[in-house]
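To start, the structure itself, in structure tokens.
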There are 2 protein chains.
Amino acid sequence: MSLETISTGDELVRGRSVDTNAPWIAEQAAESGVLRVFHTTVGDDPAALADAFRRAARRSDVVVVTGGLGPTEDDHTRVAAAEAAGVDLVEDPELTAWIRERFESRGIPLLPKNLVQAYIPAGAEVLPNPLGTAPGFRLEIDGASLFFLSGVPREMEVMFDAGIRPVLAERGPGGAYGVVVSFGKPEAWVDERTKDLAGTHDLSVGITAVLGTIKLTFQATGPDARERVDAAVGTARERLGDLVLEADTLAGAVGHLLEERGLTLATAESCTGGLVGRLLTDVPGISANYLGGVIAYANEVKEDLLGVPCDLLVEHGAVSAETAEAMAAGARETLGTDFAVSITGIAGPGGGTEEKPVGLVWFGFAGPSGVESLSRRLPGDREVVRGFAANVALQLVRRRLQTAARP
Amino acid sequence: MSLETISTGDELVRGRSVDTNAPWIAEQAAESGVLRVFHTTVGDDPAALADAFRRAARRSDVVVVTGGLGPTEDDHTRVAAAEAAGVDLVEDPELTAWIRERFESRGIPLLPKNLVQAYIPAGAEVLPNPLGTAPGFRLEIDGASLFFLSGVPREMEVMFDAGIRPVLAERGPGGAYGVVVSFGKPEAWVDERTKDLAGTHDLSVGITAVLGTIKLTFQATGPDARERVDAAVGTARERLGDLVLEADTLAGAVGHLLEERGLTLATAESCTGGLVGRLLTDVPGISANYLGGVIAYANEVKEDLLGVPCDLLVEHGAVSAETAEAMAAGARETLGTDFAVSITGIAGPGGGTEEKPVGLVWFGFAGPSGVESLSRRLPGDREVVRGFAANVALQLVRRRLQTAARP
């Protein structure tokens, strides 16, 4: 069984927007053991759309199309689908009633153009859109099933769950999917130690790296798919040891370890400007363990709120082991937490010197047993340096928490 | 002239990674007046790749392919390109020498497989990759020019700038491109007031909305393209008035206004957990005006670092006008800035009550003339609520700065 996706919309073709729908659909399909073979992005052009639908129907079993179902003149998916199937658009009276009811209950005036959305290709089956006003539909062309969904991500997801997931589960080969996320060693190192698993467990292994976080994915179809994936995941976890994160993300792992050990954390951020706090507070329910922090972008804030001595700043500079340690100790003291982590560095593009180049970042860590610091020379532009620095800080906390005793 | 893009790699087809290369290329092309008509994503399958290259060559003038040029077994682009063109892969002695030199100068041992990268389809022209080890190439198939670039974004961009941008400038229709970014009114409101510009200035108008930031794009080709785009941009700016941002982003606009007026700002964040600080510090050079802030995720941090009275927290709750105002006043006082903004709300998924539902956020603002607050009921999940809340806070600061006198 093969699946492909088609994303529609001039905003995608012209490059203004990044399409997150198609990757999401591919990932869901992979979990059912169905591999996406093609993806196409087409602009708001009825002929190009009809052509793309026909071509996809010829080569794939299931085609998922997103976008272009709205009521405006840009929305050509409905017409193009009918043309590709060689049928007319027909009014669905139930849809007309549903659209009327929907606008009334929301108190929005119904315009004639909104009723365009009640027309679907003859023979198509309606896919309800409980979160929006643009219904979708399912249409068979050349023996392939084409599903047309809203382009609004949240609406698309709900429509996919109701209308497509069961089809994949039923018609797909059955499959299993597993993930192992690690941090602390480079992609090539992890790859070297896990690439044999594809052969030994008869599955496919993928590896991606984002700002030092390495994600291994295992995917199998056919008999014993679950067992083979579980075995590969188990072996990978064993080989990678404590590099394997305790959650899906580094911040989630820190949150998990803090909660498990009943410990509290504070942050003191200079060059990352709040990014570490933001990542930690992405984790729901972390408020009992991550109490907060200080964004000490200016030196006077390092002095006034974190108690970094002015002399120390003058003598060693804001980007130094001494300042990083004083910031961490100050945050721990001021916020009254078990641990604190600090970041101070030169994210660029300006501010670098020969001695302290752009990308140099110092990290401090303070706990009951004292204060320590480390530095990294991080590659990349301002955004990448800041992203990497946040991850290095979180990993530093994670390492110390792994060995921390309960208080 | 037509352009299309092909992104290669199993990690894209299987949905693990979001492709940012193809949208970037489309945007660059649009600036030369060249509209991308198609985009295809293909996995690491030599036959599917060759098929995609041939199909693209038949229907487009310029095809930009990214990825699959590395030395590993997954990298099939080179072989598939030769197959699509019906030629052999041949060694380029200059490339061999360049690869040897590159590994030597970096002190990395050269493996035999790395020399695979010195083979390109017969008749292809090398596109140097100054930032990486995988060179690209340009190949003519069926009268179309196919450009094969590294899939690493930074390498791809440099290769594009050197090898493709000049081709588009020379062969493209010539074009112009303009952007107007606004905040403060919904997409439909902005659309209503600007959609006539497409007709009156003979250009295409695009509109996108991300967390309340509305981006209008104007694009024209042919004679007087620059004049027509500039006229449309001028009219749009006039009609949207002070909704138009003073920079590309809301945080950039706040940075610009702070610098222009010589004022300083502090932040006090609860539910956004550092996101506002992070957005402000995305702006290079803001350190003279944004001094920092307090991430007051726990109530004790609101009390201890921001001086929010415990009684007030007990009586009104952490998510209230009173707490938001006390947080802003406390941050302004503690950090000694001209202004301070605060955010406290319920981002969810837990923590909502009937009286204070998920999505309710209070904002405080403190300045020389006093303290004020406002609330919003924001839609969406945790991530969206936090993103919106950060933007509302930045917009609040921006509105006050627009009318602020220099100190």
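Ordered as shown in the structure tokens, chains take letters A, B, and onward, while each chain numbers its residues from 1 and ligands are numbered from 1 in the order shown.
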With only C-alpha atoms counted and 7 Å as the cut-off, give the residues of chain B in contact with chain A, each with its shortest interatomic distance in Å and the pair that gives it, as a Markdown table.
| residue | atom | partner | partner_atom | distance |
| --- | --- | --- | --- | --- |
| B:Glu11 | CA | A:Gly206 | CA | 6.9 |
| B:Val13 | CA | A:Arg36 | CA | 6.1 |
| B:Arg14 | CA | A:Ala26 | CA | 5.3 |
| B:Gly15 | CA | A:Pro23 | CA | 3.8 |
| B:Arg16 | CA | A:Glu27 | CA | 6.6 |
| B:Val18 | CA | A:Pro23 | CA | 6.6 |
| B:Thr20 | CA | A:Val18 | CA | 6.8 |
| B:Pro23 | CA | A:Gly15 | CA | 3.9 |
| B:Trp24 | CA | A:Gly15 | CA | 6.1 |
| B:Ala26 | CA | A:Gly15 | CA | 4.7 |
| B:Glu27 | CA | A:Gly15 | CA | 4.9 |
| B:Ala30 | CA | A:Arg14 | CA | 6.8 |
| B:Leu35 | CA | A:Arg14 | CA | 6.6 |
| B:Arg36 | CA | A:Val13 | CA | 6.1 |
| B:Val37 | CA | A:Val13 | CA | 6.7 |
| B:Phe38 | CA | A:Val42 | CA | 5.7 |
| B:His39 | CA | A:Thr41 | CA | 5.1 |
| B:Thr40 | CA | A:Thr40 | CA | 4.7 |
| B:Thr41 | CA | A:His39 | CA | 5.1 |
| B:Val42 | CA | A:Phe38 | CA | 5.7 |
| B:Gly43 | CA | A:Val37 | CA | 6.8 |
| B:Thr272 | CA | A:Arg278 | CA | 6.7 |
| B:Gly273 | CA | A:Arg278 | CA | 4.9 |
| B:Gly274 | CA | A:Gly274 | CA | 4.1 |
| B:Leu275 | CA | A:Arg278 | CA | 5.2 |
| B:Gly277 | CA | A:Gly274 | CA | 5.1 |
| B:Arg278 | CA | A:Gly274 | CA | 4.8 |
| B:Thr281 | CA | A:Gly273 | CA | 5.6 |
| B:Ser287 | CA | A:Ala298 | CA | 6.3 |
| B:Leu291 | CA | A:Ala298 | CA | 4.8 |
| B:Gly292 | CA | A:Ile295 | CA | 4.8 |
| B:Gly293 | CA | A:Ile295 | CA | 4.8 |
| B:Val294 | CA | A:Val294 | CA | 4.6 |
| B:Ile295 | CA | A:Gly292 | CA | 4.7 |
| B:Ala296 | CA | A:Gly292 | CA | 5.0 |
| B:Tyr297 | CA | A:Gly292 | CA | 4.9 |
| B:Ala298 | CA | A:Leu291 | CA | 4.8 |
| B:Val301 | CA | A:Leu335 | CA | 6.5 |
| B:Leu335 | CA | A:Val301 | CA | 6.5 |
Transformed chain B, reference chain A, full Cα set in order, as a compact mmCIF listing (two decimals) with C-alpha atoms, in the first residue's frame:
# COMPACT_ATOMS: atom_id res chain seq x y z
CA MET B 1 0.04 0.02 -0.23
CA SER B 2 1.43 3.41 -1.20
CA LEU B 3 0.51 6.87 -0.02
CA GLU B 4 1.28 10.31 -1.28
CA THR B 5 0.47 13.81 -0.18
CA ILE B 6 -0.41 16.94 -2.09
CA SER B 7 -0.31 20.34 -0.40
CA THR B 8 -2.07 23.16 -2.19
CA GLY B 9 -1.83 26.90 -1.97
CA ASP B 10 0.09 29.74 -3.58
CA GLU B 11 1.54 30.65 -0.19
CA LEU B 12 3.32 27.26 -0.14
CA VAL B 13 4.51 27.35 -3.74
CA ARG B 14 5.82 30.87 -3.47
CA GLY B 15 7.76 29.96 -0.40
CA ARG B 16 6.18 32.21 2.18
CA SER B 17 4.97 29.42 4.42
CA VAL B 18 6.54 26.20 5.61
CA ASP B 19 4.21 23.25 5.13
CA THR B 20 3.84 21.24 8.33
CA ASN B 21 0.77 19.27 7.20
CA ALA B 22 2.51 16.94 4.75
CA PRO B 23 5.29 15.85 7.17
CA TRP B 24 2.68 15.26 9.88
CA ILE B 25 0.61 13.05 7.58
CA ALA B 26 3.72 11.12 6.51
CA GLU B 27 4.62 10.46 10.12
CA GLN B 28 1.12 9.24 10.98
CA ALA B 29 1.12 6.97 7.93
CA ALA B 30 4.52 5.57 8.87
CA GLU B 31 3.11 4.51 12.22
CA SER B 32 0.63 2.33 10.31
CA GLY B 33 3.51 0.90 8.29
CA VAL B 34 2.54 2.89 5.20
CA LEU B 35 5.44 4.73 3.57
CA ARG B 36 4.76 7.90 1.70
CA VAL B 37 6.39 7.71 -1.73
CA PHE B 38 5.71 11.15 -3.12
CA HIS B 39 4.80 14.60 -2.04
CA THR B 40 3.77 17.43 -4.35
CA THR B 41 3.08 21.08 -3.65
CA VAL B 42 0.82 22.86 -6.13
CA GLY B 43 -0.30 26.49 -6.30
CA ASP B 44 -3.87 27.76 -6.60
CA ASP B 45 -4.19 26.87 -10.29
CA PRO B 46 -7.20 24.65 -11.21
CA ALA B 47 -5.51 22.96 -14.20
CA ALA B 48 -2.29 22.22 -12.31
CA LEU B 49 -4.33 20.87 -9.39
CA ALA B 50 -6.45 18.57 -11.55
CA ASP B 51 -3.29 17.33 -13.27
CA ALA B 52 -1.59 16.64 -9.92
CA PHE B 53 -4.68 14.76 -8.64
CA ARG B 54 -4.83 12.57 -11.77
CA ARG B 55 -1.13 11.79 -11.71
CA ALA B 56 -1.22 10.89 -8.03
CA ALA B 57 -4.28 8.68 -8.53
CA ARG B 58 -2.44 6.68 -11.20
CA ARG B 59 0.62 5.90 -9.08
CA SER B 60 -0.57 5.71 -5.44
CA ASP B 61 -3.28 3.86 -3.53
CA VAL B 62 -4.07 6.64 -1.10
CA VAL B 63 -3.67 10.35 -1.77
CA VAL B 64 -4.13 12.97 0.94
CA VAL B 65 -4.73 16.50 -0.32
CA THR B 66 -4.70 19.48 2.06
CA GLY B 67 -5.95 23.01 1.50
CA GLY B 68 -8.00 24.97 -0.99
CA LEU B 69 -11.43 24.05 0.42
CA GLY B 70 -12.34 27.52 1.67
CA PRO B 71 -15.02 29.80 0.21
CA THR B 72 -12.78 32.36 -1.50
CA GLU B 73 -11.77 32.74 -5.12
CA ASP B 74 -8.38 31.20 -4.36
CA ASP B 75 -9.94 27.90 -3.37
CA HIS B 76 -9.94 25.64 -6.42
CA THR B 77 -9.54 22.18 -4.90
CA ARG B 78 -13.23 21.30 -5.15
CA VAL B 79 -13.50 22.18 -8.84
CA ALA B 80 -10.17 20.55 -9.72
CA ALA B 81 -11.12 17.32 -7.92
CA ALA B 82 -14.36 17.09 -9.89
CA GLU B 83 -12.47 17.72 -13.11
CA ALA B 84 -9.85 15.09 -12.31
CA ALA B 85 -12.61 12.55 -11.64
CA GLY B 86 -14.58 13.63 -14.71
CA VAL B 87 -17.74 14.36 -12.69
CA ASP B 88 -19.83 17.41 -11.83
CA LEU B 89 -19.94 19.30 -8.57
CA VAL B 90 -23.28 18.62 -6.87
CA GLU B 91 -24.91 20.17 -3.86
CA ASP B 92 -25.11 18.02 -0.75
CA PRO B 93 -28.29 19.17 1.04
CA GLU B 94 -27.03 17.89 4.40
CA LEU B 95 -23.90 19.99 4.02
CA THR B 96 -25.98 23.05 3.14
CA ALA B 97 -28.02 22.56 6.31
CA TRP B 98 -24.86 21.95 8.35
CA ILE B 99 -23.16 25.11 7.06
CA ARG B 100 -26.29 27.21 7.75
CA GLU B 101 -26.56 25.84 11.26
CA ARG B 102 -22.84 26.40 11.88
CA PHE B 103 -22.96 30.08 10.95
CA GLU B 104 -26.17 30.65 12.89
CA SER B 105 -24.86 29.05 16.08
CA ARG B 106 -21.73 31.21 15.90
CA GLY B 107 -23.72 34.32 15.10
CA ILE B 108 -21.71 34.97 11.91
CA PRO B 109 -23.67 36.30 8.89
CA LEU B 110 -23.84 33.69 6.12
CA LEU B 111 -22.67 34.96 2.73
CA PRO B 112 -23.78 33.27 -0.52
CA LYS B 113 -20.16 32.30 -1.22
CA ASN B 114 -20.04 30.23 1.97
CA LEU B 115 -22.63 27.89 0.45
CA VAL B 116 -20.09 26.98 -2.26
CA GLN B 117 -18.67 24.70 0.41
CA ALA B 118 -21.79 22.52 0.23
CA TYR B 119 -20.85 21.42 -3.29
CA ILE B 120 -18.73 18.28 -3.66
CA PRO B 121 -17.82 16.11 -6.66
CA ALA B 122 -20.63 13.67 -7.58
CA GLY B 123 -20.02 10.33 -5.90
CA ALA B 124 -17.76 11.77 -3.19
CA GLU B 125 -18.28 10.99 0.46
CA VAL B 126 -18.29 13.89 2.96
CA LEU B 127 -15.50 14.06 5.56
CA PRO B 128 -16.83 16.23 8.39
CA ASN B 129 -14.71 19.06 9.75
CA PRO B 130 -15.86 19.49 13.35
CA LEU B 131 -13.49 22.41 14.06
CA GLY B 132 -14.05 24.54 10.96
CA THR B 133 -16.50 25.54 8.27
CA ALA B 134 -14.80 23.84 5.30
CA PRO B 135 -15.93 20.21 5.00
CA GLY B 136 -13.69 17.72 3.23
CA PHE B 137 -14.52 14.72 1.06
CA ARG B 138 -13.27 11.38 -0.17
CA LEU B 139 -13.26 10.57 -3.87
CA GLU B 140 -12.24 7.45 -5.80
CA ILE B 141 -10.30 8.08 -9.02
CA ASP B 142 -8.74 5.26 -11.08
CA GLY B 143 -9.02 2.88 -8.12
CA ALA B 144 -7.15 5.24 -5.78
CA SER B 145 -8.75 6.85 -2.72
CA LEU B 146 -8.23 10.60 -2.62
CA PHE B 147 -8.94 12.37 0.66
CA PHE B 148 -9.41 16.14 0.60
CA LEU B 149 -8.81 17.84 3.97
CA SER B 150 -8.75 21.36 5.33
CA GLY B 151 -5.34 23.05 5.20
CA VAL B 152 -5.67 24.40 8.76
CA PRO B 153 -3.38 22.06 10.74
CA ARG B 154 -5.64 21.45 13.74
CA GLU B 155 -8.71 20.86 11.51
CA MET B 156 -6.67 18.64 9.18
CA GLU B 157 -5.48 16.49 12.09
CA VAL B 158 -8.97 15.88 13.42
CA MET B 159 -10.28 15.05 9.93
CA PHE B 160 -7.33 12.72 9.35
CA ASP B 161 -7.92 10.90 12.64
CA ALA B 162 -11.59 10.31 11.86
CA GLY B 163 -11.44 9.61 8.14
CA ILE B 164 -8.01 8.30 7.16
CA ARG B 165 -6.35 6.67 10.15
CA PRO B 166 -8.90 3.83 10.24
CA VAL B 167 -8.42 3.24 6.50
CA LEU B 168 -4.65 3.00 6.89
CA ALA B 169 -5.02 0.67 9.87
CA GLU B 170 -7.35 -1.58 7.89
CA ARG B 171 -5.70 -1.51 4.47
CA GLY B 172 -2.08 -0.86 5.51
CA PRO B 173 0.39 -3.68 6.05
CA GLY B 174 0.24 -3.17 9.78
CA GLY B 175 3.40 -1.80 11.21
CA ALA B 176 5.26 -0.62 14.21
CA TYR B 177 7.30 2.41 14.97
CA GLY B 178 9.72 3.28 17.74
CA VAL B 179 11.92 6.21 18.69
CA VAL B 180 15.07 6.61 20.78
CA VAL B 181 16.20 10.16 21.48
CA SER B 182 19.70 10.85 22.82
CA PHE B 183 21.99 13.75 23.56
CA GLY B 184 25.69 13.96 24.28
CA LYS B 185 27.41 12.28 21.31
CA PRO B 186 27.50 13.25 17.62
CA GLU B 187 25.17 11.77 15.00
CA ALA B 188 28.00 9.76 13.40
CA TRP B 189 28.88 8.19 16.78
CA VAL B 190 25.28 7.10 17.39
CA ASP B 191 24.90 5.95 13.77
CA GLU B 192 28.02 3.78 14.00
CA ARG B 193 26.64 1.99 17.07
CA THR B 194 23.12 1.37 15.77
CA LYS B 195 23.21 0.99 11.99
CA ASP B 196 23.51 -2.83 12.19
CA LEU B 197 20.04 -2.96 13.79
CA ALA B 198 18.38 -2.52 10.38
CA GLY B 199 19.77 -5.87 9.27
CA THR B 200 19.54 -7.83 12.50
CA HIS B 201 15.89 -6.89 13.10
CA ASP B 202 14.73 -6.46 9.49
CA LEU B 203 13.47 -2.92 9.80
CA SER B 204 14.38 0.54 8.58
CA VAL B 205 16.41 2.87 10.78
CA GLY B 206 16.36 6.64 10.40
CA ILE B 207 18.57 9.16 12.16
CA THR B 208 18.22 12.92 12.44
CA ALA B 209 20.14 15.51 14.44
CA VAL B 210 18.80 18.89 15.53
CA LEU B 211 21.06 21.10 17.67
CA GLY B 212 22.75 18.06 19.16
CA THR B 213 19.59 16.07 19.87
CA ILE B 214 19.88 12.77 17.96
CA LYS B 215 16.63 10.98 17.09
CA LEU B 216 16.73 7.37 15.96
CA THR B 217 13.53 6.01 14.40
CA PHE B 218 12.76 2.35 13.83
CA GLN B 219 10.04 1.25 11.48
CA ALA B 220 8.88 -2.24 10.54
CA THR B 221 6.00 -3.81 8.68
CA GLY B 222 4.68 -7.33 8.39
CA PRO B 223 4.52 -10.12 10.96
CA ASP B 224 6.11 -9.47 14.35
CA ALA B 225 6.65 -5.82 13.43
CA ARG B 226 6.02 -4.74 17.03
CA GLU B 227 8.41 -7.33 18.45
CA ARG B 228 11.17 -6.42 16.02
CA VAL B 229 10.84 -2.70 16.68
CA ASP B 230 10.77 -3.24 20.44
CA ALA B 231 13.88 -5.42 20.25
CA ALA B 232 15.75 -2.82 18.20
CA VAL B 233 14.66 -0.03 20.56
CA GLY B 234 15.80 -2.12 23.54
CA THR B 235 19.23 -2.81 22.02
CA ALA B 236 19.70 0.82 21.01
CA ARG B 237 18.78 2.01 24.51
CA GLU B 238 21.20 -0.47 26.04
CA ARG B 239 24.07 0.55 23.77
CA LEU B 240 23.51 4.28 24.16
CA GLY B 241 23.10 3.98 27.94
CA ASP B 242 22.56 7.24 29.78
CA LEU B 243 22.78 9.24 26.58
CA VAL B 244 19.15 8.22 26.04
CA LEU B 245 16.84 11.02 27.15
CA GLU B 246 14.36 10.38 29.94
CA ALA B 247 11.65 12.07 27.80
CA ASP B 248 11.07 13.18 24.19
CA THR B 249 13.08 16.37 24.61
CA LEU B 250 16.04 17.56 26.65
CA ALA B 251 13.83 19.98 28.60
CA GLY B 252 11.31 17.19 29.19
CA ALA B 253 14.14 14.97 30.50
CA VAL B 254 15.23 17.70 32.92
CA GLY B 255 11.61 18.14 34.04
CA HIS B 256 11.25 14.40 34.56
CA LEU B 257 14.45 14.12 36.61
CA LEU B 258 13.58 17.17 38.72
CA GLU B 259 10.15 15.78 39.50
CA GLU B 260 11.40 12.25 40.18
CA ARG B 261 14.02 13.53 42.61
CA GLY B 262 11.87 16.29 44.12
CA LEU B 263 14.39 19.00 43.28
CA THR B 264 14.05 22.62 42.16
CA LEU B 265 15.90 24.57 39.47
CA ALA B 266 16.46 28.21 38.54
CA THR B 267 18.02 29.76 35.42
CA ALA B 268 20.23 32.80 34.83
CA GLU B 269 20.44 33.63 31.14
CA SER B 270 22.43 36.24 29.31
CA CYS B 271 22.96 35.43 25.61
CA THR B 272 20.05 32.97 25.43
CA GLY B 273 17.76 35.72 26.75
CA GLY B 274 15.01 33.46 28.14
CA LEU B 275 15.25 30.55 25.73
CA VAL B 276 16.15 27.99 28.39
CA GLY B 277 13.21 29.14 30.52
CA ARG B 278 10.96 28.96 27.50
CA LEU B 279 12.06 25.39 26.71
CA LEU B 280 11.59 24.28 30.30
CA THR B 281 8.14 25.86 30.50
CA ASP B 282 7.15 24.10 27.25
CA VAL B 283 6.88 21.08 29.56
CA PRO B 284 3.39 21.01 31.11
CA GLY B 285 3.37 20.61 34.88
CA ILE B 286 6.99 21.69 35.46
CA SER B 287 6.00 24.60 37.70
CA ALA B 288 6.60 22.70 40.95
CA ASN B 289 10.24 22.13 40.01
CA TYR B 290 11.31 24.92 37.69
CA LEU B 291 10.62 28.04 39.72
CA GLY B 292 11.86 30.63 37.27
CA GLY B 293 14.93 32.69 36.60
CA VAL B 294 16.57 35.93 35.69
CA ILE B 295 17.18 37.16 32.16
CA ALA B 296 20.36 39.12 32.80
CA TYR B 297 21.02 40.55 29.37
CA ALA B 298 22.61 43.77 30.64
CA ASN B 299 25.55 43.71 33.05
CA GLU B 300 23.71 45.84 35.61
CA VAL B 301 21.05 43.11 35.86
CA LYS B 302 23.81 40.54 36.48
CA GLU B 303 25.00 42.78 39.32
CA ASP B 304 21.68 43.92 40.78
CA LEU B 305 19.58 40.75 40.56
CA LEU B 306 22.23 38.03 40.61
CA GLY B 307 24.84 39.69 42.82
CA VAL B 308 27.69 39.31 40.32
CA PRO B 309 30.37 41.66 41.72
CA CYS B 310 31.15 44.63 39.49
CA ASP B 311 34.89 44.03 40.00
CA LEU B 312 34.56 40.53 38.69
CA LEU B 313 32.74 41.73 35.56
CA VAL B 314 35.42 44.34 34.95
CA GLU B 315 38.32 41.96 35.53
CA HIS B 316 37.10 38.86 33.68
CA GLY B 317 34.35 40.17 31.42
CA ALA B 318 30.73 39.08 31.16
CA VAL B 319 31.70 36.02 29.12
CA SER B 320 33.98 34.16 31.53
CA ALA B 321 34.07 31.21 33.90
CA GLU B 322 33.95 33.58 36.86
CA THR B 323 30.84 35.43 35.68
CA ALA B 324 29.06 32.20 34.69
CA GLU B 325 29.72 30.73 38.14
CA ALA B 326 28.67 33.91 39.94
CA MET B 327 25.46 34.06 37.88
CA ALA B 328 24.55 30.47 38.72
CA ALA B 329 25.36 30.92 42.41
CA GLY B 330 23.38 34.16 42.45
CA ALA B 331 20.33 32.62 40.81
CA ARG B 332 20.39 29.66 43.21
CA GLU B 333 20.62 32.02 46.18
CA THR B 334 18.05 34.57 44.98
CA LEU B 335 15.44 32.05 43.88
CA GLY B 336 16.16 29.65 46.75
CA THR B 337 16.41 26.54 44.58
CA ASP B 338 18.43 23.33 44.88
CA PHE B 339 20.23 23.97 41.58
CA ALA B 340 20.77 26.77 39.12
CA VAL B 341 22.29 26.92 35.64
CA SER B 342 23.68 29.99 33.88
CA ILE B 343 24.58 30.89 30.30
CA THR B 344 26.70 33.83 29.14
CA GLY B 345 28.23 34.03 25.68
CA ILE B 346 28.69 35.85 22.42
CA ALA B 347 25.89 34.90 20.03
CA GLY B 348 26.96 37.35 17.33
CA PRO B 349 26.86 38.69 14.75
CA GLY B 350 28.75 41.48 16.56
CA GLY B 351 30.65 41.48 19.85
CA GLY B 352 33.35 38.94 19.05
CA THR B 353 37.07 39.54 19.66
CA GLU B 354 40.14 37.48 18.89
CA GLU B 355 40.30 36.24 22.44
CA LYS B 356 36.54 35.80 22.81
CA PRO B 357 35.14 34.98 19.36
CA VAL B 358 31.49 34.78 18.31
CA GLY B 359 30.17 31.39 19.44
CA LEU B 360 32.11 31.28 22.73
CA VAL B 361 29.68 30.48 25.55
CA TRP B 362 30.33 29.89 29.26
CA PHE B 363 27.96 27.81 31.38
CA GLY B 364 27.75 27.81 35.17
CA PHE B 365 26.11 25.30 37.46
CA ALA B 366 25.44 25.75 41.19
CA GLY B 367 24.22 23.13 43.64
CA PRO B 368 24.55 22.16 47.29
CA SER B 369 28.09 20.90 46.70
CA GLY B 370 29.39 24.04 45.02
CA VAL B 371 29.77 25.82 41.73
CA GLU B 372 31.36 24.75 38.45
CA SER B 373 31.66 26.04 34.91
CA LEU B 374 32.50 24.92 31.40
CA SER B 375 32.81 26.59 28.03
CA ARG B 376 32.00 25.65 24.46
CA ARG B 377 32.87 27.20 21.13
CA LEU B 378 29.58 26.75 19.28
CA PRO B 379 29.28 26.88 15.47
CA GLY B 380 26.67 28.63 13.37
CA ASP B 381 24.85 31.93 13.25
CA ARG B 382 23.16 33.80 16.10
CA GLU B 383 20.07 31.60 16.13
CA VAL B 384 22.05 28.35 16.01
CA VAL B 385 24.52 29.46 18.70
CA ARG B 386 21.63 30.36 21.00
CA GLY B 387 19.79 27.10 20.29
CA PHE B 388 22.91 25.01 20.88
CA ALA B 389 23.78 26.96 24.03
CA ALA B 390 20.34 26.30 25.50
CA ASN B 391 20.73 22.58 24.82
CA VAL B 392 24.23 22.44 26.33
CA ALA B 393 22.87 24.14 29.47
CA LEU B 394 19.97 21.67 29.71
CA GLN B 395 22.34 18.76 29.18
CA LEU B 396 24.61 20.06 31.95
CA VAL B 397 21.65 20.12 34.33
CA ARG B 398 20.55 16.68 33.17
CA ARG B 399 23.98 15.11 33.78
CA ARG B 400 24.13 16.51 37.30
CA LEU B 401 20.55 15.43 38.06
CA GLN B 402 21.25 11.89 36.85
CA THR B 403 23.73 11.47 39.70
CA ALA B 404 22.02 13.73 42.25
CA ALA B 405 20.75 12.17 45.43
CA ARG B 406 17.24 13.00 46.56
CA PRO B 407 17.45 15.93 48.95
Segment 180-380 of chain A: which residues are strand (DSSP E or B) by DSSP, as a ChimeraX atom specification? /A:180-183,204-210,213-221,244,265-269,290-296,339-345,360-367,370-377
From a backbone DSSP assignment, name each residue in segment 165-320 of chain A labelled alpha helix (DSSP H), as a count of residues only. 70
